[in-house]
$ cat data_5.cif   # mmCIF, N, CA and C atoms
data_my_file
#
loop_
_atom_site.label_atom_id
_atom_site.label_comp_id
_atom_site.auth_asym_id
_atom_site.auth_seq_id
_atom_site.Cartn_x
_atom_site.Cartn_y
_atom_site.Cartn_z
N MET A 8 32.68 90.82 30.48
CA MET A 8 32.38 90.23 31.76
C MET A 8 31.82 88.82 31.58
N ARG A 9 31.01 88.61 30.53
CA ARG A 9 30.46 87.28 30.27
C ARG A 9 31.57 86.28 29.97
N VAL A 10 32.62 86.75 29.30
CA VAL A 10 33.73 85.86 28.97
C VAL A 10 34.38 85.36 30.24
N VAL A 11 34.54 86.24 31.23
CA VAL A 11 35.14 85.84 32.50
C VAL A 11 34.28 84.78 33.17
N PHE A 12 32.97 84.99 33.20
CA PHE A 12 32.08 84.02 33.83
C PHE A 12 32.12 82.68 33.11
N ARG A 13 32.17 82.71 31.79
CA ARG A 13 32.23 81.46 31.03
C ARG A 13 33.55 80.73 31.32
N TRP A 14 34.64 81.51 31.44
CA TRP A 14 35.91 80.91 31.77
C TRP A 14 35.85 80.26 33.14
N VAL A 15 35.20 80.93 34.09
CA VAL A 15 35.07 80.37 35.43
C VAL A 15 34.25 79.09 35.39
N VAL A 16 33.15 79.10 34.66
CA VAL A 16 32.31 77.91 34.55
C VAL A 16 33.10 76.77 33.92
N LEU A 17 33.82 77.06 32.86
CA LEU A 17 34.61 76.03 32.20
C LEU A 17 35.67 75.49 33.16
N SER A 18 36.30 76.36 33.93
CA SER A 18 37.30 75.93 34.90
C SER A 18 36.68 75.02 35.95
N VAL A 19 35.50 75.40 36.43
CA VAL A 19 34.81 74.58 37.42
C VAL A 19 34.48 73.21 36.84
N MET A 20 34.04 73.19 35.59
CA MET A 20 33.69 71.92 34.96
C MET A 20 34.92 71.04 34.80
N ILE A 21 36.06 71.63 34.45
CA ILE A 21 37.28 70.84 34.29
C ILE A 21 37.71 70.27 35.63
N VAL A 22 37.68 71.10 36.67
CA VAL A 22 38.06 70.64 38.00
C VAL A 22 37.10 69.56 38.48
N ALA A 23 35.82 69.67 38.11
CA ALA A 23 34.82 68.69 38.54
C ALA A 23 35.00 67.35 37.83
N GLY A 24 35.83 67.30 36.81
CA GLY A 24 36.14 66.02 36.18
C GLY A 24 35.32 65.71 34.95
N CYS A 25 34.92 66.73 34.19
CA CYS A 25 34.19 66.48 32.95
C CYS A 25 35.08 65.67 32.02
N GLY A 26 34.48 64.76 31.27
CA GLY A 26 35.20 63.99 30.30
C GLY A 26 35.84 62.74 30.86
N LYS A 27 35.35 62.26 31.99
CA LYS A 27 35.88 61.02 32.56
C LYS A 27 35.57 59.85 31.64
N ALA A 28 36.29 58.78 31.81
CA ALA A 28 36.14 57.61 30.95
C ALA A 28 34.71 57.09 30.96
N GLU A 29 34.06 57.07 32.16
CA GLU A 29 32.71 56.54 32.22
C GLU A 29 31.73 57.41 31.44
N ASP A 30 32.00 58.74 31.37
CA ASP A 30 31.16 59.62 30.57
C ASP A 30 31.25 59.24 29.10
N ASN A 31 32.46 58.95 28.64
CA ASN A 31 32.65 58.56 27.24
C ASN A 31 31.95 57.24 26.94
N GLU A 32 31.96 56.30 27.91
CA GLU A 32 31.27 55.03 27.71
C GLU A 32 29.76 55.27 27.59
N ASP A 33 29.22 56.17 28.43
CA ASP A 33 27.80 56.49 28.34
C ASP A 33 27.46 57.08 26.98
N LYS A 34 28.33 57.96 26.47
CA LYS A 34 28.10 58.58 25.17
C LYS A 34 28.12 57.54 24.06
N ARG A 35 29.09 56.59 24.16
CA ARG A 35 29.16 55.54 23.16
C ARG A 35 27.90 54.69 23.18
N GLU A 36 27.42 54.36 24.39
CA GLU A 36 26.21 53.54 24.52
C GLU A 36 25.01 54.27 23.93
N THR A 37 24.90 55.57 24.20
CA THR A 37 23.81 56.36 23.65
C THR A 37 23.88 56.40 22.13
N ARG A 38 25.09 56.60 21.60
CA ARG A 38 25.28 56.65 20.15
C ARG A 38 24.89 55.31 19.53
N ASN A 39 25.29 54.19 20.16
CA ASN A 39 24.95 52.87 19.64
C ASN A 39 23.44 52.65 19.66
N ASN A 40 22.77 53.13 20.71
CA ASN A 40 21.32 53.00 20.79
C ASN A 40 20.65 53.77 19.66
N ARG A 41 21.16 54.98 19.38
CA ARG A 41 20.59 55.79 18.30
C ARG A 41 20.77 55.11 16.96
N GLU A 42 21.98 54.53 16.74
CA GLU A 42 22.23 53.85 15.47
C GLU A 42 21.29 52.67 15.30
N THR A 43 21.01 51.94 16.38
CA THR A 43 20.09 50.81 16.33
C THR A 43 18.69 51.30 15.99
N GLU A 44 18.28 52.41 16.63
CA GLU A 44 16.95 52.96 16.34
C GLU A 44 16.84 53.37 14.89
N ASP A 45 17.90 54.03 14.37
CA ASP A 45 17.87 54.47 12.98
C ASP A 45 17.78 53.30 12.02
N GLN A 46 18.49 52.20 12.30
CA GLN A 46 18.44 51.03 11.44
C GLN A 46 17.06 50.40 11.47
N ASP A 47 16.40 50.47 12.62
CA ASP A 47 15.06 49.91 12.73
C ASP A 47 14.02 50.81 12.08
N GLY A 48 14.42 52.03 11.78
CA GLY A 48 13.47 52.98 11.19
C GLY A 48 12.54 53.60 12.22
N THR A 49 12.86 53.47 13.50
CA THR A 49 11.98 54.01 14.54
C THR A 49 12.30 55.45 14.89
N ALA A 50 13.44 55.95 14.45
CA ALA A 50 13.79 57.34 14.72
C ALA A 50 14.45 57.92 13.49
N GLY A 51 13.96 59.05 13.04
CA GLY A 51 14.52 59.68 11.85
C GLY A 51 15.49 60.78 12.20
N ASP A 52 16.07 61.35 11.17
CA ASP A 52 17.02 62.45 11.37
C ASP A 52 16.37 63.64 12.05
N ASP A 53 15.12 63.95 11.69
CA ASP A 53 14.43 65.09 12.29
C ASP A 53 14.26 64.89 13.79
N ASP A 54 13.90 63.69 14.21
CA ASP A 54 13.72 63.41 15.63
C ASP A 54 15.04 63.53 16.37
N ALA A 55 16.11 63.03 15.80
CA ALA A 55 17.43 63.12 16.42
C ALA A 55 17.86 64.58 16.56
N GLN A 56 17.57 65.39 15.56
CA GLN A 56 17.91 66.81 15.63
C GLN A 56 17.11 67.52 16.71
N ARG A 57 15.82 67.17 16.83
CA ARG A 57 14.98 67.78 17.87
C ARG A 57 15.46 67.38 19.26
N ARG A 58 15.85 66.11 19.41
CA ARG A 58 16.38 65.65 20.70
C ARG A 58 17.66 66.39 21.04
N ALA A 59 18.55 66.51 20.06
CA ALA A 59 19.82 67.20 20.29
C ALA A 59 19.60 68.67 20.63
N MET A 60 18.68 69.31 19.94
CA MET A 60 18.39 70.72 20.21
C MET A 60 17.76 70.90 21.59
N ALA A 61 16.90 69.98 21.98
CA ALA A 61 16.28 70.05 23.31
C ALA A 61 17.34 69.93 24.40
N THR A 62 18.29 69.03 24.20
CA THR A 62 19.37 68.86 25.18
C THR A 62 20.27 70.09 25.20
N LEU A 63 20.55 70.66 24.03
CA LEU A 63 21.35 71.87 23.96
C LEU A 63 20.64 73.03 24.68
N ASN A 64 19.33 73.16 24.49
CA ASN A 64 18.58 74.20 25.18
C ASN A 64 18.68 74.02 26.70
N ALA A 65 18.52 72.77 27.16
CA ALA A 65 18.62 72.50 28.59
C ALA A 65 20.00 72.87 29.10
N ARG A 66 21.02 72.50 28.36
CA ARG A 66 22.40 72.81 28.76
C ARG A 66 22.63 74.32 28.81
N THR A 67 22.11 75.05 27.83
CA THR A 67 22.25 76.50 27.79
C THR A 67 21.57 77.13 29.00
N LEU A 68 20.38 76.66 29.32
CA LEU A 68 19.67 77.17 30.50
C LEU A 68 20.46 76.84 31.77
N GLY A 69 20.97 75.63 31.87
CA GLY A 69 21.76 75.24 33.03
C GLY A 69 23.03 76.07 33.17
N ASP A 70 23.70 76.34 32.06
CA ASP A 70 24.89 77.19 32.10
C ASP A 70 24.55 78.59 32.59
N ALA A 71 23.43 79.13 32.13
CA ALA A 71 23.02 80.47 32.57
C ALA A 71 22.72 80.48 34.06
N VAL A 72 22.12 79.41 34.57
CA VAL A 72 21.83 79.31 36.01
C VAL A 72 23.13 79.30 36.81
N VAL A 73 24.10 78.50 36.36
CA VAL A 73 25.39 78.41 37.07
C VAL A 73 26.14 79.74 37.01
N ILE A 74 26.13 80.38 35.86
CA ILE A 74 26.80 81.68 35.72
C ILE A 74 26.14 82.71 36.65
N HIS A 75 24.82 82.70 36.71
CA HIS A 75 24.10 83.60 37.63
C HIS A 75 24.56 83.35 39.06
N HIS A 76 24.66 82.08 39.43
CA HIS A 76 25.09 81.72 40.78
C HIS A 76 26.51 82.23 41.06
N LEU A 77 27.42 82.05 40.12
CA LEU A 77 28.80 82.50 40.30
C LEU A 77 28.89 84.03 40.35
N ALA A 78 28.07 84.71 39.57
CA ALA A 78 28.12 86.17 39.51
C ALA A 78 27.50 86.82 40.74
N ARG A 79 26.44 86.23 41.25
CA ARG A 79 25.70 86.88 42.34
C ARG A 79 25.78 86.15 43.67
N LEU A 80 26.47 85.01 43.65
CA LEU A 80 26.64 84.20 44.86
C LEU A 80 25.32 83.73 45.46
N LYS A 81 24.34 83.59 44.59
CA LYS A 81 23.06 83.01 45.00
C LYS A 81 22.41 82.41 43.76
N TRP A 82 21.59 81.38 43.99
CA TRP A 82 20.89 80.73 42.88
C TRP A 82 19.73 81.60 42.43
N PRO A 83 19.45 81.64 41.14
CA PRO A 83 18.29 82.42 40.68
C PRO A 83 16.99 81.82 41.22
N GLU A 84 16.01 82.67 41.40
CA GLU A 84 14.70 82.21 41.88
C GLU A 84 13.98 81.40 40.80
N SER A 85 14.17 81.82 39.55
CA SER A 85 13.52 81.13 38.43
C SER A 85 14.34 81.35 37.17
N LEU A 86 13.96 80.69 36.10
CA LEU A 86 14.67 80.87 34.83
C LEU A 86 14.48 82.29 34.29
N ASN A 87 13.45 82.98 34.73
CA ASN A 87 13.24 84.35 34.28
C ASN A 87 14.38 85.28 34.70
N ASN A 88 15.16 84.88 35.70
CA ASN A 88 16.24 85.71 36.21
C ASN A 88 17.57 85.52 35.50
N VAL A 89 17.63 84.70 34.45
CA VAL A 89 18.91 84.40 33.80
C VAL A 89 19.04 84.98 32.39
N GLN A 90 18.09 85.78 31.93
CA GLN A 90 18.11 86.31 30.57
C GLN A 90 19.43 87.02 30.25
N GLU A 91 19.97 87.77 31.19
CA GLU A 91 21.19 88.54 30.92
C GLU A 91 22.40 87.66 30.61
N TYR A 92 22.34 86.39 30.95
CA TYR A 92 23.47 85.48 30.71
C TYR A 92 23.27 84.60 29.47
N LEU A 93 22.29 84.93 28.66
CA LEU A 93 21.97 84.11 27.50
C LEU A 93 22.43 84.72 26.18
N ASP A 94 23.31 85.70 26.22
CA ASP A 94 23.79 86.37 25.02
C ASP A 94 22.61 86.88 24.21
N ASP A 95 22.58 86.53 22.93
CA ASP A 95 21.53 87.03 22.05
C ASP A 95 20.28 86.16 22.05
N LYS A 96 20.36 85.02 22.70
CA LYS A 96 19.21 84.11 22.70
C LYS A 96 18.12 84.65 23.61
N LYS A 97 16.92 84.43 23.21
CA LYS A 97 15.78 84.87 24.01
C LYS A 97 15.31 83.71 24.87
N LEU A 98 15.02 84.01 26.12
CA LEU A 98 14.59 82.99 27.06
C LEU A 98 13.33 82.29 26.56
N ALA A 99 12.40 83.03 26.01
CA ALA A 99 11.15 82.44 25.52
C ALA A 99 11.41 81.38 24.46
N GLU A 100 12.39 81.61 23.59
CA GLU A 100 12.72 80.63 22.55
C GLU A 100 13.36 79.37 23.15
N LEU A 101 14.22 79.57 24.16
CA LEU A 101 14.89 78.43 24.78
C LEU A 101 13.94 77.58 25.60
N LEU A 102 12.88 78.17 26.12
CA LEU A 102 11.95 77.42 26.96
C LEU A 102 11.06 76.47 26.17
N LYS A 103 10.99 76.66 24.85
CA LYS A 103 10.22 75.73 24.01
C LYS A 103 11.06 74.48 23.79
N ASN A 104 10.53 73.33 24.14
CA ASN A 104 11.26 72.08 23.96
C ASN A 104 10.94 71.51 22.58
N PRO A 105 11.91 71.53 21.66
CA PRO A 105 11.63 71.06 20.29
C PRO A 105 11.37 69.56 20.20
N HIS A 106 11.80 68.81 21.18
CA HIS A 106 11.61 67.36 21.15
C HIS A 106 10.22 66.97 21.64
N THR A 107 9.79 67.55 22.77
CA THR A 107 8.49 67.16 23.33
C THR A 107 7.36 68.07 22.89
N GLY A 108 7.71 69.28 22.43
CA GLY A 108 6.68 70.24 22.03
C GLY A 108 6.13 71.05 23.19
N ASP A 109 6.58 70.79 24.41
CA ASP A 109 6.10 71.53 25.57
C ASP A 109 6.63 72.96 25.58
N ASN A 110 5.80 73.88 26.07
CA ASN A 110 6.20 75.27 26.24
C ASN A 110 5.52 75.80 27.49
N PRO A 111 6.19 75.91 28.62
CA PRO A 111 7.62 75.68 28.78
C PRO A 111 7.96 74.20 28.76
N GLY A 112 9.13 73.92 28.24
CA GLY A 112 9.57 72.54 28.10
C GLY A 112 10.66 72.15 29.08
N TYR A 113 10.96 73.07 30.02
CA TYR A 113 12.02 72.82 30.98
C TYR A 113 11.59 73.33 32.36
N GLU A 114 12.07 72.66 33.39
CA GLU A 114 11.79 73.08 34.76
C GLU A 114 13.10 73.24 35.50
N TYR A 115 13.28 74.41 36.11
CA TYR A 115 14.46 74.68 36.94
C TYR A 115 14.08 74.44 38.39
N VAL A 116 14.95 73.76 39.11
CA VAL A 116 14.74 73.53 40.54
C VAL A 116 15.88 74.20 41.28
N LYS A 117 15.56 75.22 42.05
CA LYS A 117 16.56 75.98 42.79
C LYS A 117 17.15 75.12 43.91
N PRO A 118 18.48 74.97 43.95
CA PRO A 118 19.09 74.22 45.04
C PRO A 118 18.81 74.88 46.39
N THR A 119 18.72 74.08 47.42
CA THR A 119 18.42 74.61 48.76
C THR A 119 19.68 75.01 49.51
N VAL A 120 20.86 74.65 48.99
CA VAL A 120 22.13 75.00 49.63
C VAL A 120 23.02 75.72 48.63
N ALA A 121 23.99 76.47 49.15
CA ALA A 121 24.87 77.24 48.28
C ALA A 121 25.75 76.34 47.42
N ARG A 122 26.21 75.22 47.99
CA ARG A 122 27.07 74.29 47.25
C ARG A 122 26.40 72.92 47.23
N PRO A 123 25.53 72.71 46.27
CA PRO A 123 24.84 71.42 46.21
C PRO A 123 25.76 70.29 45.74
N ASP A 124 25.32 69.08 45.99
CA ASP A 124 26.01 67.91 45.47
C ASP A 124 26.08 68.05 43.95
N PRO A 125 27.21 67.66 43.33
CA PRO A 125 27.34 67.80 41.87
C PRO A 125 26.24 67.09 41.09
N LYS A 126 25.63 66.07 41.66
CA LYS A 126 24.58 65.33 40.96
C LYS A 126 23.18 65.86 41.25
N THR A 127 23.10 67.03 41.89
CA THR A 127 21.81 67.68 42.08
C THR A 127 21.30 68.15 40.72
N ILE A 128 20.07 67.85 40.42
CA ILE A 128 19.50 68.23 39.12
C ILE A 128 19.00 69.66 39.18
N LEU A 129 19.47 70.48 38.23
CA LEU A 129 19.03 71.87 38.14
C LEU A 129 17.91 72.05 37.13
N VAL A 130 18.02 71.38 35.98
CA VAL A 130 17.05 71.57 34.90
C VAL A 130 16.55 70.21 34.40
N TYR A 131 15.24 70.08 34.41
CA TYR A 131 14.57 68.88 33.88
C TYR A 131 13.92 69.24 32.55
N GLN A 132 13.79 68.26 31.66
CA GLN A 132 12.97 68.44 30.46
C GLN A 132 11.57 67.95 30.79
N LEU A 133 10.58 68.65 30.22
CA LEU A 133 9.19 68.30 30.48
C LEU A 133 8.55 67.66 29.25
N ARG A 134 7.68 66.70 29.53
CA ARG A 134 6.84 66.10 28.49
C ARG A 134 5.42 66.09 29.06
N ASP A 135 4.50 66.68 28.34
CA ASP A 135 3.12 66.81 28.81
C ASP A 135 3.06 67.50 30.18
N GLY A 136 3.97 68.48 30.38
CA GLY A 136 3.97 69.26 31.61
C GLY A 136 4.58 68.57 32.82
N LYS A 137 5.14 67.37 32.62
CA LYS A 137 5.72 66.63 33.74
C LYS A 137 7.18 66.30 33.43
N ARG A 138 7.98 66.15 34.50
CA ARG A 138 9.38 65.77 34.33
C ARG A 138 9.47 64.41 33.65
N ASP A 139 10.27 64.34 32.61
CA ASP A 139 10.49 63.07 31.90
C ASP A 139 11.91 62.62 32.18
N MET A 140 12.07 61.65 33.06
CA MET A 140 13.39 61.20 33.47
C MET A 140 14.10 60.37 32.40
N SER A 141 13.43 60.09 31.29
CA SER A 141 14.10 59.39 30.20
C SER A 141 14.85 60.37 29.30
N LEU A 142 14.68 61.67 29.54
CA LEU A 142 15.35 62.70 28.76
C LEU A 142 16.50 63.29 29.56
N PRO A 143 17.54 63.79 28.89
CA PRO A 143 18.69 64.36 29.61
C PRO A 143 18.30 65.52 30.53
N VAL A 144 18.98 65.59 31.66
CA VAL A 144 18.82 66.66 32.65
C VAL A 144 20.15 67.39 32.77
N VAL A 145 20.15 68.54 33.46
CA VAL A 145 21.38 69.29 33.71
C VAL A 145 21.66 69.23 35.20
N TYR A 146 22.87 68.81 35.54
CA TYR A 146 23.29 68.69 36.93
C TYR A 146 24.00 69.96 37.40
N ALA A 147 24.14 70.08 38.72
CA ALA A 147 24.78 71.26 39.32
C ALA A 147 26.24 71.40 38.91
N ASP A 148 26.89 70.32 38.51
CA ASP A 148 28.28 70.41 38.07
C ASP A 148 28.39 70.78 36.59
N GLY A 149 27.26 71.05 35.95
CA GLY A 149 27.25 71.46 34.56
C GLY A 149 27.11 70.35 33.55
N LYS A 150 27.19 69.12 34.01
CA LYS A 150 27.07 67.99 33.08
C LYS A 150 25.61 67.79 32.69
N THR A 151 25.44 67.20 31.51
CA THR A 151 24.11 66.90 31.00
C THR A 151 24.05 65.41 30.69
N GLY A 152 22.96 64.77 31.08
CA GLY A 152 22.82 63.35 30.79
C GLY A 152 21.52 62.80 31.32
N VAL A 153 21.20 61.58 30.93
CA VAL A 153 20.00 60.93 31.43
C VAL A 153 20.29 60.49 32.86
N HIS A 154 19.39 60.83 33.76
CA HIS A 154 19.58 60.55 35.18
C HIS A 154 19.47 59.05 35.44
N LYS A 155 20.44 58.54 36.17
CA LYS A 155 20.44 57.13 36.57
C LYS A 155 20.34 57.07 38.08
N GLU A 156 19.35 56.35 38.58
CA GLU A 156 19.18 56.28 40.04
C GLU A 156 19.94 55.14 40.63
#

$ encode --input "data_5.cif" --output "structure tokens"
Amino acid sequence: MRVVFRWVVLSVMIVAGCGKAEDNEDKRETRNNRETEDQDGTAGDDDAQRRAMATLNARTLGDAVVIHHLARLKWPESLNNVQEYLDDKKLAELLKNPHTGDNPGYEYVKPTVARPDPKTILVYQLRDGKRDMSLPVVYADGKTGVHKE
């Protein structure tokens, strides 16, 4: 049953236009920024791995939220309601943000409508218990990225 839900999520993401040219440009810009930081010695491999893992955790939580919505036709009340969609991963482990050290390191915001705008933010990363908009977020369309206003 999980495979069916994942297929549905993937289908929704494809229809929503994942992988557009502007997304690739954003990724290139991010990669260039990281390379510059590494050359300056301001960011090491460990920090890059923690950032990547934090973003992956956020994406995993966001995917579980979307799958819950597709399966039950309603948004979960909290992240505690998505454990069954996380395979073997434990929710408690995913809630620890390896980049910021916060636990919980993510905040889920339940959409107020059944079909939110694709750019509605579902999952924020937290730093010192507050939303950090300089870190990637998860949108209702399943995409992950740094929010641009």

$ atom_distance --input "data_5.cif" --atom1 "CA of Thr151 (chain A)" --atom2 "CA of Arg66 (chain A)"
6.5 Å

$ closest_residue --input "data_5.cif" --among "A:Leu68, A:Ala121, A:Ile74, A:Leu129" --to "Lys103 (chain A)" --atoms "only C-alpha atoms"
A:Leu68

$ residues_near_point --input "data_5.cif" --point "(20.3, 70.8, 36.9)" --cutoff "6 Å" --atoms "only N, CA and C atoms" --output "PyMOL selection string"
chain A and resi 127-131+144-147

$ atom_distance --input "data_5.cif" --atom1 "atom N of Pro111 (chain A)" --atom2 "atom C of Ala61 (chain A)"
13.3 Å

$ closest_residue --input "data_5.cif" --among "A:Lys117, A:Arg79, A:Lys126, A:Lys97" --to "Gly149 (chain A)" --atoms "only C-alpha atoms"
A:Lys126

$ atom_distance --input "data_5.cif" --atom1 "CA of Ala55 (chain A)" --atom2 "atom N of Lys150 (chain A)"
21.0 Å

$ closest_residue --input "data_5.cif" --among "A:Leu93, A:His106, A:Tyr115, A:Pro143" --to "Met60 (chain A)" --atoms "only N, CA and C atoms"
A:His106
